[in-house]
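The next block is protein28.txt, given as compact mmCIF, N, CA and C atoms and all ligand atoms.
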```txt
# COMPACT_ATOMS: atom_id res chain seq x y z
N MET A 181 -3.08 -8.68 20.41
CA MET A 181 -3.22 -8.73 18.95
C MET A 181 -1.84 -8.74 18.31
N ALA A 182 -1.52 -9.72 17.59
CA ALA A 182 -0.19 -9.81 17.00
C ALA A 182 -0.15 -9.13 15.65
N ARG A 183 -0.71 -7.93 15.60
CA ARG A 183 -0.69 -7.22 14.33
C ARG A 183 -0.36 -5.77 14.58
N ARG A 184 0.15 -5.10 13.56
CA ARG A 184 0.47 -3.70 13.72
C ARG A 184 -0.82 -2.89 13.63
N LEU A 185 -0.82 -1.77 14.34
CA LEU A 185 -2.06 -1.01 14.47
C LEU A 185 -1.88 0.40 13.93
N ASN A 186 -2.23 0.59 12.69
CA ASN A 186 -2.14 1.92 12.08
C ASN A 186 -3.00 1.90 10.83
N ALA A 187 -3.59 3.05 10.52
CA ALA A 187 -4.48 3.08 9.36
C ALA A 187 -3.85 3.83 8.19
N GLY A 188 -2.56 3.98 8.19
CA GLY A 188 -1.92 4.73 7.12
C GLY A 188 -2.07 4.07 5.76
N ALA A 189 -1.21 3.12 5.44
CA ALA A 189 -1.30 2.46 4.15
C ALA A 189 -2.44 1.45 4.17
N ARG A 190 -3.11 1.28 3.05
CA ARG A 190 -4.22 0.34 2.99
C ARG A 190 -3.85 -0.89 2.17
N GLN A 191 -2.55 -1.14 2.02
CA GLN A 191 -2.16 -2.21 1.13
C GLN A 191 -2.05 -3.55 1.82
N GLY A 192 -2.23 -3.60 3.14
CA GLY A 192 -2.19 -4.89 3.82
C GLY A 192 -0.79 -5.37 4.11
N GLY A 193 0.04 -4.51 4.67
CA GLY A 193 1.40 -4.91 5.01
C GLY A 193 1.44 -5.56 6.38
N GLY A 194 2.61 -5.65 6.99
CA GLY A 194 2.72 -6.19 8.34
C GLY A 194 2.50 -7.69 8.36
N ILE A 195 2.19 -8.20 9.55
CA ILE A 195 2.08 -9.65 9.72
C ILE A 195 0.80 -10.15 9.09
N ALA A 196 -0.33 -9.51 9.40
CA ALA A 196 -1.61 -10.03 8.91
C ALA A 196 -2.36 -9.03 8.06
N GLY A 197 -2.37 -7.77 8.43
CA GLY A 197 -3.16 -6.79 7.69
C GLY A 197 -2.58 -5.41 7.81
N PRO A 198 -3.27 -4.40 7.30
CA PRO A 198 -2.76 -3.03 7.36
C PRO A 198 -2.75 -2.50 8.79
N LYS A 199 -1.91 -1.52 9.04
CA LYS A 199 -1.88 -0.89 10.36
C LYS A 199 -3.19 -0.14 10.59
N LEU A 200 -3.68 -0.19 11.81
CA LEU A 200 -5.01 0.38 12.11
C LEU A 200 -4.94 1.66 12.93
N ALA A 201 -3.79 1.98 13.49
CA ALA A 201 -3.65 3.17 14.32
C ALA A 201 -2.23 3.69 14.19
N PRO A 202 -1.94 4.97 14.45
CA PRO A 202 -2.92 5.98 14.90
C PRO A 202 -3.87 6.37 13.77
N ASN A 203 -4.84 7.17 14.14
CA ASN A 203 -5.88 7.64 13.22
C ASN A 203 -6.69 6.50 12.62
N PRO A 204 -7.34 5.69 13.42
CA PRO A 204 -8.16 4.62 12.86
C PRO A 204 -9.34 5.19 12.09
N MET A 205 -9.88 4.39 11.19
CA MET A 205 -11.07 4.80 10.44
C MET A 205 -12.23 5.00 11.42
N ALA A 206 -13.28 5.68 10.96
CA ALA A 206 -14.44 5.94 11.81
C ALA A 206 -15.06 4.62 12.29
N LEU A 207 -15.67 4.65 13.45
CA LEU A 207 -16.29 3.45 14.02
C LEU A 207 -17.28 2.81 13.04
N GLU A 208 -18.09 3.64 12.36
CA GLU A 208 -19.09 3.11 11.43
C GLU A 208 -18.42 2.35 10.29
N ALA A 209 -17.32 2.91 9.79
CA ALA A 209 -16.60 2.26 8.68
C ALA A 209 -15.95 0.97 9.15
N MET A 210 -15.37 1.03 10.36
CA MET A 210 -14.73 -0.18 10.89
C MET A 210 -15.76 -1.27 11.13
N SER A 211 -16.90 -0.88 11.66
CA SER A 211 -17.96 -1.84 11.91
C SER A 211 -18.43 -2.49 10.61
N ALA A 212 -18.65 -1.66 9.58
CA ALA A 212 -19.11 -2.20 8.30
C ALA A 212 -18.08 -3.16 7.73
N PHE A 213 -16.79 -2.78 7.85
CA PHE A 213 -15.74 -3.66 7.33
C PHE A 213 -15.71 -4.98 8.08
N LEU A 214 -15.68 -4.91 9.42
CA LEU A 214 -15.56 -6.14 10.22
C LEU A 214 -16.74 -7.08 10.01
N ARG A 215 -17.93 -6.52 9.85
CA ARG A 215 -19.12 -7.38 9.71
C ARG A 215 -19.23 -8.00 8.33
N HIS A 216 -18.72 -7.30 7.30
CA HIS A 216 -19.05 -7.72 5.93
C HIS A 216 -17.88 -8.06 5.05
N THR A 217 -16.63 -7.89 5.54
CA THR A 217 -15.52 -8.16 4.62
C THR A 217 -15.54 -9.61 4.16
N ASN A 218 -15.27 -9.80 2.87
CA ASN A 218 -15.18 -11.17 2.34
C ASN A 218 -13.91 -11.33 1.53
N GLY A 219 -12.90 -10.55 1.93
CA GLY A 219 -11.60 -10.64 1.25
C GLY A 219 -10.65 -11.53 2.03
N ARG A 220 -9.43 -11.06 2.19
CA ARG A 220 -8.41 -11.88 2.85
C ARG A 220 -8.60 -11.95 4.35
N MET A 221 -9.32 -10.98 4.92
CA MET A 221 -9.56 -11.00 6.37
C MET A 221 -10.90 -11.66 6.66
N PRO A 222 -10.93 -12.54 7.66
CA PRO A 222 -12.21 -13.15 8.01
C PRO A 222 -13.16 -12.13 8.61
N PRO A 223 -14.47 -12.19 8.30
CA PRO A 223 -15.43 -11.26 8.91
C PRO A 223 -15.65 -11.61 10.38
N TYR A 224 -16.05 -10.60 11.17
CA TYR A 224 -16.38 -10.81 12.58
C TYR A 224 -17.85 -10.47 12.80
N PRO A 225 -18.76 -11.45 12.64
CA PRO A 225 -20.19 -11.18 12.87
C PRO A 225 -20.45 -10.90 14.35
N GLU A 226 -21.62 -10.35 14.62
CA GLU A 226 -21.94 -9.95 15.99
C GLU A 226 -21.90 -11.12 16.96
N ALA A 227 -22.18 -12.33 16.48
CA ALA A 227 -22.15 -13.51 17.35
C ALA A 227 -20.74 -13.77 17.87
N ILE A 228 -19.74 -13.30 17.14
CA ILE A 228 -18.35 -13.52 17.54
C ILE A 228 -17.79 -12.31 18.27
N MET A 229 -18.13 -11.10 17.78
CA MET A 229 -17.67 -9.87 18.42
C MET A 229 -18.86 -8.92 18.59
N SER A 230 -19.22 -8.68 19.84
CA SER A 230 -20.38 -7.83 20.11
C SER A 230 -20.11 -6.39 19.68
N ASN A 231 -21.17 -5.61 19.51
CA ASN A 231 -21.01 -4.18 19.18
C ASN A 231 -20.23 -3.47 20.28
N ALA A 232 -20.43 -3.91 21.54
CA ALA A 232 -19.72 -3.27 22.65
C ALA A 232 -18.22 -3.55 22.55
N ASP A 233 -17.85 -4.80 22.24
CA ASP A 233 -16.43 -5.13 22.08
C ASP A 233 -15.83 -4.38 20.90
N LEU A 234 -16.60 -4.30 19.84
CA LEU A 234 -16.11 -3.57 18.66
C LEU A 234 -15.84 -2.11 19.02
N ALA A 235 -16.75 -1.50 19.76
CA ALA A 235 -16.57 -0.10 20.17
C ALA A 235 -15.37 0.04 21.09
N ASP A 236 -15.14 -0.95 21.96
CA ASP A 236 -13.96 -0.91 22.85
C ASP A 236 -12.67 -0.98 22.04
N ILE A 237 -12.65 -1.86 21.05
CA ILE A 237 -11.45 -1.99 20.22
C ILE A 237 -11.20 -0.68 19.48
N HIS A 238 -12.28 -0.09 18.97
CA HIS A 238 -12.13 1.17 18.25
C HIS A 238 -11.62 2.26 19.19
N ALA A 239 -12.15 2.30 20.40
CA ALA A 239 -11.70 3.31 21.37
C ALA A 239 -10.23 3.10 21.71
N TYR A 240 -9.83 1.85 21.84
CA TYR A 240 -8.41 1.55 22.10
C TYR A 240 -7.54 2.05 20.94
N LEU A 241 -7.97 1.75 19.72
CA LEU A 241 -7.19 2.18 18.56
C LEU A 241 -7.08 3.71 18.53
N GLN A 242 -8.18 4.37 18.89
CA GLN A 242 -8.17 5.83 18.89
C GLN A 242 -7.24 6.39 19.96
N SER A 243 -7.00 5.60 21.01
CA SER A 243 -6.18 6.09 22.12
C SER A 243 -4.69 5.99 21.82
N ILE A 244 -4.32 5.31 20.75
CA ILE A 244 -2.90 5.12 20.44
C ILE A 244 -2.33 6.41 19.86
N PRO A 245 -1.32 6.96 20.51
CA PRO A 245 -0.79 8.24 20.03
C PRO A 245 0.05 8.07 18.77
N ARG A 246 0.16 9.16 18.05
CA ARG A 246 1.04 9.18 16.88
C ARG A 246 2.49 9.04 17.35
N SER A 247 3.32 8.37 16.55
CA SER A 247 4.73 8.23 16.90
C SER A 247 5.40 9.60 16.87
N PRO A 248 6.45 9.80 17.69
CA PRO A 248 7.15 11.09 17.64
C PRO A 248 7.88 11.25 16.31
N ASP A 249 8.09 12.49 15.92
CA ASP A 249 8.86 12.79 14.73
C ASP A 249 10.27 12.24 14.91
N TYR A 250 10.80 11.53 13.92
CA TYR A 250 12.16 10.96 14.08
C TYR A 250 13.19 12.04 14.36
N LYS A 251 12.90 13.28 13.93
CA LYS A 251 13.86 14.37 14.16
C LYS A 251 14.00 14.67 15.64
N SER A 252 13.02 14.27 16.46
CA SER A 252 13.09 14.54 17.88
C SER A 252 13.80 13.41 18.64
N ILE A 253 14.30 12.38 17.93
CA ILE A 253 14.96 11.25 18.57
C ILE A 253 16.45 11.29 18.23
N PRO A 254 17.31 11.68 19.21
CA PRO A 254 18.73 11.88 18.93
C PRO A 254 19.39 10.68 18.24
N LEU A 255 19.06 9.45 18.68
CA LEU A 255 19.70 8.27 18.10
C LEU A 255 19.44 8.15 16.59
N LEU A 256 18.36 8.71 16.13
CA LEU A 256 18.02 8.60 14.71
C LEU A 256 18.56 9.77 13.91
N ASN A 257 19.34 10.62 14.58
CA ASN A 257 19.83 11.82 13.89
C ASN A 257 21.35 11.96 14.00
N ARG A 258 22.05 10.85 14.08
CA ARG A 258 23.51 10.93 14.19
C ARG A 258 24.14 10.74 12.82
C1 LIG B 1 -10.27 -7.95 16.31
C2 LIG B 1 -9.58 -8.34 15.26
C3 LIG B 1 -9.41 -7.51 14.01
C4 LIG B 1 -9.74 -6.21 13.76
C5 LIG B 1 -10.37 -5.16 14.69
C6 LIG B 1 -9.38 -5.94 12.38
C7 LIG B 1 -9.58 -4.75 11.73
C8 LIG B 1 -9.30 -4.52 10.40
C9 LIG B 1 -9.65 -3.34 9.66
C10 LIG B 1 -10.40 -2.13 10.24
C11 LIG B 1 -9.19 -3.49 8.41
C12 LIG B 1 -9.32 -2.48 7.26
C13 LIG B 1 -8.12 -1.60 7.34
C14 LIG B 1 -8.05 -0.56 6.23
O1 LIG B 1 -8.72 -0.70 5.19
O2 LIG B 1 -7.31 0.40 6.44
C15 LIG B 1 -8.52 -4.77 8.35
C16 LIG B 1 -7.94 -5.29 7.21
C17 LIG B 1 -7.31 -6.52 7.13
N1 LIG B 1 -7.19 -7.43 8.14
FE1 LIG B 1 -8.02 -7.27 9.97
N2 LIG B 1 -8.82 -7.08 11.84
C18 LIG B 1 -8.82 -8.04 12.80
C19 LIG B 1 -8.37 -9.34 12.67
C20 LIG B 1 -7.73 -9.84 11.57
C21 LIG B 1 -7.22 -11.21 11.45
C22 LIG B 1 -7.37 -12.29 12.49
C23 LIG B 1 -6.59 -11.28 10.24
C24 LIG B 1 -5.88 -12.41 9.59
C25 LIG B 1 -6.25 -13.66 9.69
C26 LIG B 1 -6.72 -9.99 9.60
C27 LIG B 1 -6.21 -9.66 8.37
C28 LIG B 1 -6.50 -8.51 7.68
C29 LIG B 1 -6.14 -8.30 6.27
C30 LIG B 1 -5.37 -9.27 5.38
C31 LIG B 1 -6.67 -7.05 5.94
C32 LIG B 1 -6.64 -6.38 4.55
C33 LIG B 1 -7.94 -6.85 3.94
C34 LIG B 1 -8.29 -6.30 2.58
O3 LIG B 1 -7.61 -5.40 2.10
O4 LIG B 1 -9.30 -6.81 2.04
N3 LIG B 1 -7.41 -9.15 10.43
N4 LIG B 1 -8.60 -5.38 9.56
```

Could you rewrite the structure in this file as structure tokens?
Ligand code: HEM
Amino acid sequence: MARRLNAGARQGGGIAGPKLAPNPMALEAMSAFLRHTNGRMPPYPEAIMSNADLADIHAYLQSIPRSPDYKSIPLLNR
């Protein structure tokens, strides 16, 4: 996926859309969005993305850890 994955800002930054992870929205909310969005993002009906694939993508997004605090990275504190 050539897009950033984080759910922080909802303004649609990055290459294509808002970051989806860490902390993705709940599976139910993501499913409702993917199936019914009619804005700038194309919808993904079940014929294109199965519920199982959608759940896998959500599980992957949930598995992405939060970035470390910049204070813990010496190069960023010189
Ligand atoms: C499997 C593929 C994709 C998934 C799982 C996905 C998921 C999502 C989700 C969950 C949101 C809502 C985020 C939020 O409100 O915080 C979102 C928004 C968005 N996505 Fe995607 N997306 C996918 C593919 C795409 C593609 C292919 C494009 C561009 C062609 C795209 C462009 C956008 C844009 C522009 C938004 C903001 C839409 C708005 O505010 O109405 N996404 N995406």

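Each of A:Glu226, A:Arg258, A:Ala196, A:Leu207 was checked against Ala239 in chain A using only N, CA and C atoms; the smallest atom-to-atom distance is that of A:Leu207.
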
Item to complete: Give me, please, the distance in Å between atom C of Ile195 in chain A and atom C of Leu256 in chain A, quoted to one decimal.
Response: 27.1 Å

Worksheet item: Nearest to Ser243 in chain A: which of A:Asn257, A:Met221, A:Gly197, A:Pro204 is it, counting all atoms listed in the file?
Response: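 Looking at the shortest contact to Ser243 in chain A, the residue is A:Pro204.
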
Worksheet entry | Selected residue of minimal separation from ligand LIG 1 (chain B) among A:Leu200, A:Ala227, A:Ala235, A:Ile244, counting only C-alpha atoms and all ligand atoms |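 Of A:Leu200, A:Ala227, A:Ala235, A:Ile244, the one nearest ligand LIG 1 (chain B) is A:Leu200, counting only C-alpha atoms and all ligand atoms.
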
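Here the DSSP assignment of helix (DSSP H, G or I), based on backbone atoms, applies within range 204-250 of chain A to Leu207, Glu208, Ala209, Met210, Ser211, Ala212, Phe213, Leu214, Arg215, His216, Asn231, Ala232, Asp233, Leu234, Ala235, Asp236, Ile237, His238, Ala239, Tyr240, Leu241, Gln242, Ser243 and Tyr250 of chain A.
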
Worksheet item: A:Ile237, A:Asn231, A:Leu255, A:Arg215: which is nearest ligand LIG 1 (chain B), counting only C-alpha atoms and all ligand atoms?
Response: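 Answer, going by the shortest atom-to-atom distance: A:Ile237.
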
Practice prompt. Find the residues near Ala206 in chain A: any atom within 12 Å, counting only C-alpha atoms, skip ones fewer than 3 places away on the same chain, and give them as a PyMOL selection string.
Written response: chain A and resi 187+200-203+209-213+234-235+237-239+241-242

Enclosing box along x, y and z for every listed atom of ligand LIG 1 (chain B), padded 3 Å each side, centre and size in Å, one decimal, as lines of an AutoDock Vina configuration file:
```
center_x = -7.9
center_y = -6.6
center_z = 9.2
size_x = 11.0
size_y = 20.1
size_z = 20.3
```
